[in-house]
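Here is the file structure.txt (compact mmCIF, C-alpha atoms).
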# COMPACT_ATOMS: atom_id res chain seq x y z
CA MET L 1 32.30 14.52 -8.23
CA GLY L 2 32.69 10.99 -9.57
CA SER L 3 33.57 9.40 -6.23
CA PHE L 4 30.78 11.12 -4.31
CA ILE L 5 28.17 8.69 -2.96
CA SER L 6 24.93 10.07 -1.55
CA ARG L 7 22.50 8.41 0.83
CA MET L 8 20.39 7.51 -2.23
CA GLN L 9 22.98 4.99 -3.37
CA ALA L 10 21.67 2.56 -0.76
CA VAL L 11 18.05 2.95 -1.88
CA GLN L 12 16.62 0.51 -4.42
CA SER L 13 15.30 1.93 -7.70
CA PRO L 14 11.51 1.95 -7.87
CA ILE L 15 10.48 -1.01 -10.00
CA ILE L 16 7.26 0.34 -11.53
CA PRO L 17 9.03 2.76 -13.93
CA VAL L 18 11.55 0.03 -14.91
CA VAL L 19 8.76 -2.39 -15.82
CA GLY L 20 6.94 0.54 -17.47
CA GLU L 21 9.89 1.02 -19.85
CA LEU L 22 9.89 -2.69 -20.72
CA ILE L 23 6.14 -2.54 -21.41
CA LYS L 24 6.66 0.49 -23.68
CA SER L 25 9.20 -1.43 -25.74
CA CYS L 26 6.70 -4.29 -26.25
CA PRO L 27 3.47 -2.70 -27.55
CA GLY L 28 0.30 -4.64 -26.83
CA THR L 29 1.55 -5.86 -23.45
CA ILE L 30 -1.20 -6.30 -20.85
CA SER L 31 0.02 -4.98 -17.52
CA LEU L 32 -0.67 -6.92 -14.34
CA GLY L 33 1.97 -4.64 -12.84
CA GLN L 34 0.91 -1.41 -11.20
CA GLY L 35 -1.43 -1.44 -8.22
CA VAL L 36 -4.15 0.92 -9.40
CA VAL L 37 -7.86 0.67 -10.20
CA SER L 38 -9.28 1.36 -13.66
CA TYR L 39 -12.24 3.43 -12.51
CA SER L 40 -12.44 7.21 -12.11
CA PRO L 41 -13.31 9.31 -9.05
CA PRO L 42 -17.01 9.70 -8.27
CA PRO L 43 -18.80 12.65 -9.96
CA GLU L 44 -19.17 14.25 -6.51
CA ALA L 45 -15.37 14.80 -6.47
CA ILE L 46 -15.41 16.80 -9.69
CA GLU L 47 -18.57 18.68 -8.69
CA LEU L 48 -16.72 20.32 -5.80
CA LEU L 49 -14.02 21.84 -8.01
CA PRO L 50 -16.05 24.97 -8.92
CA LYS L 51 -16.39 25.56 -5.18
CA PHE L 52 -12.58 25.54 -4.94
CA LEU L 53 -12.32 27.97 -7.86
CA ALA L 54 -14.97 30.32 -6.53
CA GLU L 55 -12.81 31.37 -3.59
CA SER L 56 -9.64 33.24 -4.61
CA THR L 57 -7.90 32.62 -1.27
CA ASN L 58 -7.88 28.92 -2.17
CA HIS L 59 -4.85 29.63 -4.34
CA LEU L 60 -2.84 30.52 -1.23
CA TYR L 61 -1.22 28.11 1.22
CA LYS L 62 -3.68 26.47 3.58
CA ALA L 63 -3.27 24.64 6.90
CA VAL L 64 -0.34 22.19 6.97
CA GLU L 65 -2.61 19.43 8.36
CA GLY L 66 -5.44 19.88 5.84
CA ILE L 67 -8.50 22.09 5.37
CA PRO L 68 -11.07 21.98 8.25
CA PRO L 69 -14.06 20.64 6.23
CA LEU L 70 -11.98 17.69 5.00
CA GLN L 71 -10.70 17.06 8.54
CA THR L 72 -14.32 16.92 9.72
CA ALA L 73 -15.40 14.57 6.93
CA LEU L 74 -12.45 12.24 7.60
CA ALA L 75 -13.21 12.16 11.32
CA ALA L 76 -16.75 11.00 10.49
CA LYS L 77 -15.46 8.32 8.08
CA LEU L 78 -12.93 7.04 10.63
CA GLN L 79 -15.67 6.78 13.25
CA THR L 80 -18.14 4.88 11.05
CA PHE L 81 -15.83 2.67 8.97
CA ASN L 82 -12.79 2.16 11.20
CA SER L 83 -14.34 2.61 14.67
CA ILE L 84 -11.57 5.11 15.39
CA GLU L 85 -12.71 8.03 17.48
CA ILE L 86 -10.83 11.28 17.05
CA ASN L 87 -10.36 12.66 20.58
CA GLU L 88 -7.83 14.62 22.63
CA GLU L 89 -5.26 11.81 22.36
CA ASN L 90 -5.01 11.62 18.56
CA CYS L 91 -5.48 13.73 15.44
CA ILE L 92 -5.70 13.61 11.65
CA VAL L 93 -3.10 14.97 9.24
CA VAL L 94 -4.06 15.11 5.55
CA THR L 95 -1.10 14.17 3.34
CA ALA L 96 -0.16 14.01 -0.33
CA GLY L 97 -0.97 10.30 -0.58
CA SER L 98 -0.17 7.69 2.02
CA ASN L 99 3.47 7.33 0.88
CA MET L 100 3.89 10.88 2.18
CA ALA L 101 2.15 9.87 5.41
CA PHE L 102 4.63 7.01 5.84
CA MET L 103 7.61 9.32 5.27
CA ASN L 104 6.12 11.80 7.76
CA ALA L 105 5.84 9.02 10.34
CA VAL L 106 9.35 7.66 9.85
CA LEU L 107 10.99 11.09 10.04
CA ALA L 108 8.87 12.09 13.06
CA ILE L 109 9.69 9.07 15.23
CA THR L 110 13.25 8.06 14.31
CA SER L 111 16.84 9.26 14.45
CA VAL L 112 19.57 8.16 12.05
CA GLY L 113 20.60 4.58 12.82
CA ASP L 114 17.26 3.54 14.35
CA GLU L 115 15.43 0.38 13.25
CA VAL L 116 11.95 -0.15 11.84
CA ILE L 117 10.51 -3.66 11.53
CA LEU L 118 8.96 -4.64 8.19
CA ASN L 119 7.24 -7.94 7.49
CA THR L 120 8.41 -9.60 4.28
CA PRO L 121 7.33 -9.44 1.59
CA TYR L 122 7.32 -5.69 2.30
CA TYR L 123 5.91 -2.79 0.25
CA PHE L 124 8.99 -1.45 -1.54
CA ASN L 125 8.36 2.26 -0.89
CA HIS L 126 8.30 1.56 2.87
CA GLU L 127 11.73 -0.03 2.69
CA MET L 128 12.98 2.85 0.52
CA ALA L 129 11.67 5.52 2.94
CA ILE L 130 13.30 3.86 5.96
CA THR L 131 16.64 3.59 4.15
CA MET L 132 16.41 7.20 2.92
CA ALA L 133 15.86 8.39 6.48
CA GLY L 134 19.16 6.76 7.43
CA CYS L 135 17.40 4.02 9.39
CA HIS L 136 17.63 0.25 9.10
CA PRO L 137 14.73 -1.91 7.93
CA VAL L 138 14.69 -5.07 10.04
CA LEU L 139 12.97 -7.82 8.08
CA VAL L 140 10.71 -10.44 9.66
CA LYS L 141 9.37 -13.21 7.45
CA CYS L 142 5.65 -13.84 7.25
CA ASP L 143 4.45 -17.48 7.31
CA GLU L 144 3.82 -19.46 4.11
CA ASN L 145 0.33 -17.95 3.81
CA TYR L 146 1.84 -14.48 4.28
CA GLN L 147 0.27 -14.04 7.69
CA LEU L 148 2.06 -12.21 10.54
CA ARG L 149 4.27 -14.09 12.99
CA PRO L 150 3.85 -11.98 16.15
CA GLU L 151 6.40 -14.00 18.18
CA ALA L 152 9.04 -13.47 15.50
CA ILE L 153 8.22 -9.75 15.46
CA ALA L 154 8.62 -9.59 19.25
CA GLN L 155 12.02 -11.31 18.98
CA ALA L 156 13.25 -8.85 16.34
CA ILE L 157 12.77 -5.81 18.60
CA THR L 158 15.99 -4.26 19.94
CA SER L 159 16.80 -1.09 21.87
CA LYS L 160 17.01 0.68 18.48
CA THR L 161 13.55 -0.36 17.23
CA ARG L 162 11.16 2.55 16.86
CA ALA L 163 8.20 0.94 15.07
CA VAL L 164 6.65 -2.18 13.61
CA VAL L 165 4.89 -1.73 10.24
CA THR L 166 1.88 -3.83 9.23
CA ILE L 167 -0.08 -3.57 5.97
CA SER L 168 -3.54 -5.10 5.91
CA PRO L 169 -5.07 -5.84 3.42
CA ASN L 170 -1.55 -6.47 2.20
CA ASN L 171 0.46 -5.19 -0.72
CA PRO L 172 2.01 -7.29 -2.33
CA THR L 173 0.32 -10.49 -1.08
CA GLY L 174 -3.38 -9.68 -0.75
CA ALA L 175 -3.38 -11.26 2.73
CA VAL L 176 -5.80 -9.87 5.32
CA TYR L 177 -4.56 -10.06 8.92
CA SER L 178 -6.76 -11.35 11.71
CA GLU L 179 -7.90 -9.21 14.62
CA GLU L 180 -5.91 -11.48 16.97
CA ALA L 181 -2.64 -11.05 15.09
CA LEU L 182 -3.00 -7.27 14.79
CA TRP L 183 -4.01 -6.96 18.43
CA PHE L 184 -1.01 -9.04 19.47
CA VAL L 185 1.38 -6.82 17.46
CA ASN L 186 -0.28 -3.67 18.78
CA GLN L 187 0.14 -4.95 22.37
CA ILE L 188 3.80 -5.83 21.80
CA CYS L 189 4.39 -2.26 20.56
CA ARG L 190 2.62 -0.81 23.56
CA ASP L 191 4.54 -3.01 26.01
CA ARG L 192 7.90 -2.16 24.43
CA GLY L 193 7.23 1.57 24.08
CA ILE L 194 7.42 1.64 20.28
CA TYR L 195 4.96 2.62 17.53
CA HIS L 196 2.67 0.40 15.48
CA ILE L 197 2.43 1.88 11.96
CA SER L 198 -0.65 0.41 10.30
CA ASP L 199 -0.94 0.96 6.55
CA GLU L 200 -4.58 0.57 5.51
CA ALA L 201 -4.57 1.82 1.90
CA TYR L 202 -6.63 -1.22 0.80
CA GLU L 203 -9.13 -1.10 3.69
CA TYR L 204 -12.21 -1.42 1.44
CA PHE L 205 -10.87 -4.28 -0.70
CA THR L 206 -11.82 -7.48 1.11
CA TYR L 207 -13.50 -10.64 -0.21
CA ASN L 208 -14.95 -13.93 1.05
CA GLY L 209 -16.30 -12.27 4.17
CA ALA L 210 -12.81 -11.18 5.32
CA LYS L 211 -13.12 -8.22 7.67
CA HIS L 212 -10.82 -5.21 7.72
CA ILE L 213 -9.48 -4.41 11.19
CA SER L 214 -7.96 -1.06 12.20
CA PRO L 215 -5.51 -1.35 15.11
CA GLY L 216 -6.27 2.30 15.90
CA ALA L 217 -9.69 1.12 17.12
CA PHE L 218 -8.24 -1.12 19.87
CA ALA L 219 -8.66 0.12 23.43
CA LEU L 220 -5.62 2.04 24.73
CA SER L 221 -4.00 2.16 21.28
CA SER L 222 -4.18 5.92 20.56
CA ASN L 223 -0.85 6.74 22.12
CA HIS L 224 1.35 4.41 20.08
CA THR L 225 -0.60 3.69 16.87
CA ILE L 226 -0.07 5.53 13.58
CA SER L 227 -2.72 4.66 10.98
CA LEU L 228 -2.22 5.47 7.30
CA TYR L 229 -4.99 5.83 4.70
CA SER L 230 -5.30 6.71 1.04
CA LEU L 231 -7.94 7.80 -1.43
CA SER L 232 -5.75 6.59 -4.33
CA LYS L 233 -7.19 3.09 -4.55
CA ALA L 234 -10.80 3.07 -3.40
CA TYR L 235 -11.73 6.41 -4.98
CA GLY L 236 -9.71 6.11 -8.21
CA PHE L 237 -7.70 9.07 -6.93
CA ALA L 238 -4.12 7.99 -7.66
CA SER L 239 -2.85 11.18 -9.31
CA TRP L 240 -4.75 13.57 -7.01
CA ARG L 241 -2.34 12.64 -4.18
CA ILE L 242 -4.54 12.64 -1.12
CA GLY L 243 -4.04 10.39 1.87
CA TYR L 244 -4.25 10.98 5.60
CA MET L 245 -2.84 9.69 8.83
CA VAL L 246 -4.18 9.34 12.35
CA ILE L 247 -1.37 9.96 14.82
CA PRO L 248 -0.93 10.31 18.56
CA LYS L 249 -1.39 13.99 19.50
CA HIS L 250 2.16 14.09 20.89
CA LEU L 251 3.57 13.56 17.37
CA LEU L 252 1.67 16.43 15.75
CA VAL L 253 4.43 19.04 16.11
CA ALA L 254 7.05 16.68 14.63
CA VAL L 255 4.81 15.55 11.75
CA LYS L 256 3.89 19.15 10.91
CA LYS L 257 7.60 20.05 10.74
CA VAL L 258 8.18 17.28 8.21
CA GLN L 259 5.13 18.07 6.13
CA ASP L 260 5.74 21.82 6.18
CA THR L 261 9.27 21.22 4.88
CA ILE L 262 8.54 18.69 2.15
CA LEU L 263 5.11 19.85 1.09
CA ILE L 264 3.83 22.88 3.04
CA CYS L 265 0.22 21.71 2.60
CA PRO L 266 -1.52 18.96 0.61
CA PRO L 267 -2.83 20.31 -2.75
CA VAL L 268 -5.94 22.25 -1.83
CA ILE L 269 -7.75 21.55 -5.10
CA SER L 270 -7.27 17.84 -4.41
CA GLN L 271 -8.57 18.28 -0.87
CA TYR L 272 -11.78 19.78 -2.27
CA ALA L 273 -12.07 16.83 -4.65
CA ALA L 274 -11.49 14.48 -1.69
CA LEU L 275 -14.24 16.22 0.27
CA GLY L 276 -16.56 15.56 -2.68
CA ALA L 277 -15.42 11.95 -3.05
CA LEU L 278 -16.27 11.22 0.58
CA GLN L 279 -19.85 12.28 -0.20
CA ALA L 280 -20.18 9.70 -2.97
CA LYS L 281 -23.20 7.43 -2.82
CA GLU L 282 -22.66 4.12 -1.08
CA ASP L 283 -23.09 2.31 -4.39
CA TYR L 284 -19.94 3.90 -5.78
CA LEU L 285 -17.55 1.85 -3.63
CA LYS L 286 -19.82 -1.18 -3.47
CA ASN L 287 -20.28 -1.55 -7.23
CA HIS L 288 -16.64 -0.95 -8.11
CA ILE L 289 -15.40 -3.37 -5.48
CA GLN L 290 -17.93 -5.96 -6.60
CA ALA L 291 -16.61 -5.61 -10.15
CA ILE L 292 -13.05 -6.14 -8.91
CA ALA L 293 -14.26 -9.15 -6.91
CA GLN L 294 -15.58 -10.61 -10.18
CA VAL L 295 -12.25 -10.02 -11.91
CA ARG L 296 -10.55 -11.65 -8.92
CA LEU L 297 -12.52 -14.85 -9.48
CA VAL L 298 -11.56 -14.93 -13.17
CA VAL L 299 -7.91 -14.50 -12.20
CA LEU L 300 -8.07 -17.14 -9.47
CA ASP L 301 -9.75 -19.58 -11.81
CA SER L 302 -6.94 -19.29 -14.38
CA LEU L 303 -4.17 -19.30 -11.78
CA ASN L 304 -5.45 -22.59 -10.42
CA SER L 305 -4.20 -24.31 -13.57
CA LEU L 306 -0.65 -23.38 -12.48
CA GLN L 307 -0.68 -25.49 -9.33
CA GLU L 308 2.16 -27.70 -10.59
CA LEU L 309 4.38 -24.69 -11.35
CA CYS L 310 3.47 -22.22 -8.59
CA THR L 311 2.27 -21.98 -5.03
CA ILE L 312 -0.67 -19.58 -4.78
CA ALA L 313 -1.34 -18.42 -1.22
CA PRO L 314 -4.88 -17.44 -0.15
CA ALA L 315 -5.49 -13.71 -0.70
CA ASP L 316 -8.73 -12.23 0.62
CA GLY L 317 -7.85 -8.57 0.20
CA ALA L 318 -6.38 -5.76 -1.92
CA PHE L 319 -6.10 -6.72 -5.63
CA TYR L 320 -2.98 -8.86 -5.69
CA PHE L 321 -1.90 -12.45 -5.81
CA PHE L 322 1.68 -13.28 -4.87
CA LEU L 323 2.96 -16.37 -6.64
CA LYS L 324 5.87 -18.50 -5.58
CA VAL L 325 7.19 -19.94 -8.85
CA HIS L 326 8.96 -23.30 -8.61
CA THR L 327 12.04 -22.40 -10.61
CA GLN L 328 15.71 -21.48 -10.24
CA LEU L 329 15.16 -18.54 -12.61
CA ASP L 330 15.76 -15.05 -11.28
CA SER L 331 12.39 -13.26 -10.86
CA PHE L 332 13.45 -10.15 -12.80
CA LYS L 333 14.68 -12.28 -15.74
CA LEU L 334 11.37 -14.12 -15.67
CA VAL L 335 9.46 -10.80 -15.70
CA GLU L 336 11.53 -9.64 -18.70
CA ARG L 337 10.80 -12.84 -20.61
CA LEU L 338 7.08 -12.70 -19.82
CA ILE L 339 6.93 -9.18 -21.26
CA ARG L 340 9.12 -9.86 -24.33
CA GLU L 341 7.85 -13.32 -25.22
CA HIS L 342 4.28 -13.32 -23.92
CA GLN L 343 3.22 -9.63 -23.73
CA VAL L 344 2.22 -9.73 -20.08
CA ALA L 345 3.79 -7.75 -17.24
CA VAL L 346 4.01 -8.58 -13.53
CA ILE L 347 6.33 -7.33 -10.76
CA PRO L 348 9.31 -9.41 -9.53
CA GLY L 349 9.36 -10.52 -5.89
CA THR L 350 12.90 -9.22 -5.28
CA THR L 351 11.40 -5.71 -5.18
CA PHE L 352 9.41 -6.77 -2.11
CA GLY L 353 12.43 -8.23 -0.33
CA MET L 354 11.93 -11.83 -1.47
CA ASP L 355 15.48 -12.73 -2.52
CA ASN L 356 15.17 -16.37 -1.68
CA GLY L 357 13.29 -18.04 -4.52
CA CYS L 358 11.29 -16.71 -7.45
CA TYR L 359 8.15 -14.70 -6.65
CA LEU L 360 5.78 -12.61 -8.79
CA ARG L 361 3.14 -10.05 -7.82
CA VAL L 362 0.05 -10.18 -10.02
CA ALA L 363 -2.16 -7.06 -9.82
CA TYR L 364 -5.73 -7.27 -11.16
CA GLY L 365 -7.35 -4.02 -9.94
CA ALA L 366 -6.93 -2.08 -13.18
CA LEU L 367 -8.50 -4.63 -15.52
CA GLN L 368 -11.93 -5.17 -16.99
CA LYS L 369 -13.08 -8.79 -16.95
CA GLU L 370 -12.15 -9.42 -20.61
CA THR L 371 -8.67 -7.93 -20.35
CA ALA L 372 -8.13 -9.77 -17.08
CA GLN L 373 -9.04 -13.06 -18.74
CA GLU L 374 -6.64 -12.42 -21.62
CA GLY L 375 -3.84 -11.07 -19.39
CA ILE L 376 -4.01 -13.98 -16.98
CA GLU L 377 -4.16 -16.49 -19.82
CA ARG L 378 -0.98 -14.95 -21.24
CA LEU L 379 0.64 -15.23 -17.82
CA VAL L 380 -0.43 -18.86 -17.46
CA ARG L 381 0.73 -19.74 -21.00
CA GLY L 382 3.97 -17.84 -20.47
CA LEU L 383 4.79 -19.56 -17.20
CA GLN L 384 3.89 -22.94 -18.69
CA ALA L 385 6.15 -22.25 -21.68
CA ILE L 386 9.09 -20.82 -19.71
CA ILE L 387 8.96 -22.88 -16.50
CA GLY L 388 7.32 -25.99 -17.95
CA LYS L 389 10.37 -26.40 -20.19
CA VAL L 390 12.67 -26.33 -17.19
CA HIS L 391 10.61 -28.93 -15.34

Rendering of file as structure tokens:
Amino acid sequence: MGSFISRMQAVQSPIIPVVGELIKSCPGTISLGQGVVSYSPPPEAIELLPKFLAESTNHLYKAVEGIPPLQTALAAKLQTFNSIEINEENCIVVTAGSNMAFMNAVLAITSVGDEVILNTPYYFNHEMAITMAGCHPVLVKCDENYQLRPEAIAQAITSKTRAVVTISPNNPTGAVYSEEALWFVNQICRDRGIYHISDEAYEYFTYNGAKHISPGAFALSSNHTISLYSLSKAYGFASWRIGYMVIPKHLLVAVKKVQDTILICPPVISQYAALGALQAKEDYLKNHIQAIAQVRLVVLDSLNSLQELCTIAPADGAFYFFLKVHTQLDSFKLVERLIREHQVAVIPGTTFGMDNGCYLRVAYGALQKETAQEGIERLVRGLQAIIGKVH
């Protein structure tokens, strides 16, 4: 068996557990690593659990695409927040988180050897899913502010391209894409007969008046746009594993085949919780996002003292900053040293496809103001100590 190489050989190892192990070996480390929020689901989510338990058939398999009441609630949310109307051309599939939704999409629209365009820096699980499916990620660089370059995307399309992926607000950069850029990409996809996969997991996290745009709301986009959503971030729902996708109706059979094989149906208890979460008072999202916006300012304030050592691009969304560090050091080595010598963890840019230069993703969603202040100060001191020496 020693010489046997499976398809997984080509897939990168997920970085979060690797950094997690390093953090474990250095107690007291403040993590600016994983992209999660610190707050819990709204009480409404937990209040619906007895309703799940009261009905014994809830322990059996339910519809592959999600329970009807949740479908209805999501349709209403999509209409009000995203301006996406669910009609005869599209439909909703509830998934076990939006990573599952992405995998569903890739397997439904590609054959082995096809290409999917990712903008770099990419979200690592997207690249992993495409590779696992036996397809080729085609990488298109964003500009220096991590905004899309629609012309470059258009040039990267070949006869094997099946989709272009955009993530806005962006993980790992925090960039929010303009309506013009997203419209342009959506049009290119329509003209070339390929899909636009729009990952909108961070849709609620925007600052400085930046506005979240859903390509699925553009006129004539229903037939070629696949929109991905998640409750993990906004509703503090990470471990409940509930996301959903809006897909063209013509993909429903294919997506259901994938989901039925990998999952059968999304966890029904989690779907009940999701139904409750969607009934949370408006203040729930508003207050939590305001608190994160405050933390963001603390982080930004400290990062500004690194201007000699790093380039910090504008980031009006999600809860990330993506730093370009002016050093020859390898980003993973730098991450290791920051954890071991300065008790602060960030994620190396190589994970996001940034092999040229040293980049770090700083996540601030999971921190209270005080911890954020301390964590960022450790990062600043660490970079000054490690990189400053080299300068």

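Relative to CA of Asn99 (chain L), CA of Ile117 (chain L) is found at 16.8 Å.
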
Given all atoms listed in the file, how would the per-residue table for region 69-161 of chain L near region 321-328 of chain L read, listing every residue at most 10 Å away with its closest atom pair and distance in Å to one decimal, sorted by chain and number, as CSV?
residue,atom,partner,partner_atom,distance
L:Pro121,CA,L:Phe322,CA,9.4
L:Glu144,CA,L:Lys324,CA,10.0
L:Asn145,CA,L:Phe322,CA,9.9
L:Tyr146,CA,L:Phe322,CA,9.2

Keeping only C-alpha atoms, write the selected residues as a short mmCIF file (atom, residue, chain, number, x, y, z; two decimals), in the coordinates of the input.
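Final output, saved to selection-v3.cif:
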data_model
loop_
_atom_site.label_atom_id
_atom_site.label_comp_id
_atom_site.auth_asym_id
_atom_site.auth_seq_id
_atom_site.Cartn_x
_atom_site.Cartn_y
_atom_site.Cartn_z
CA PRO L 121 7.33 -9.44 1.59
CA GLU L 144 3.82 -19.46 4.11
CA ASN L 145 0.33 -17.95 3.81
CA TYR L 146 1.84 -14.48 4.28
#

### Query
Separation of CA of Pro41 (chain L) and CA of Tyr177 (chain L), in Å?
27.8 Å

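Checking L:Met103, L:Ile242, L:Ala315, L:Val19 one by one against Gln147 (chain L), counting only C-alpha atoms, you find the shortest gap at L:Ala315.
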
Please identify all polymer residues within 10 Å of Asn125 (chain L), counting only C-alpha atoms, omitting same-chain residues fewer than 4 positions from it, and present them as an mmCIF file with C-alpha atoms, keeping the file's coordinate frame.
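Ended up saving to around_32.cif:
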data_model
loop_
_atom_site.group_PDB
_atom_site.id
_atom_site.type_symbol
_atom_site.label_atom_id
_atom_site.label_comp_id
_atom_site.auth_asym_id
_atom_site.auth_seq_id
_atom_site.Cartn_x
_atom_site.Cartn_y
_atom_site.Cartn_z
ATOM 1 C CA VAL L 11 18.050 2.950 -1.880
ATOM 2 C CA GLN L 12 16.620 0.510 -4.420
ATOM 3 C CA SER L 13 15.300 1.930 -7.700
ATOM 4 C CA PRO L 14 11.510 1.950 -7.870
ATOM 5 C CA ILE L 15 10.480 -1.010 -10.000
ATOM 6 C CA ASN L 99 3.470 7.330 0.880
ATOM 7 C CA PHE L 102 4.630 7.010 5.840
ATOM 8 C CA MET L 103 7.610 9.320 5.270
ATOM 9 C CA ALA L 129 11.670 5.520 2.940
ATOM 10 C CA ILE L 130 13.300 3.860 5.960
ATOM 11 C CA THR L 131 16.640 3.590 4.150
ATOM 12 C CA THR L 351 11.400 -5.710 -5.180
ATOM 13 C CA PHE L 352 9.410 -6.770 -2.110
#
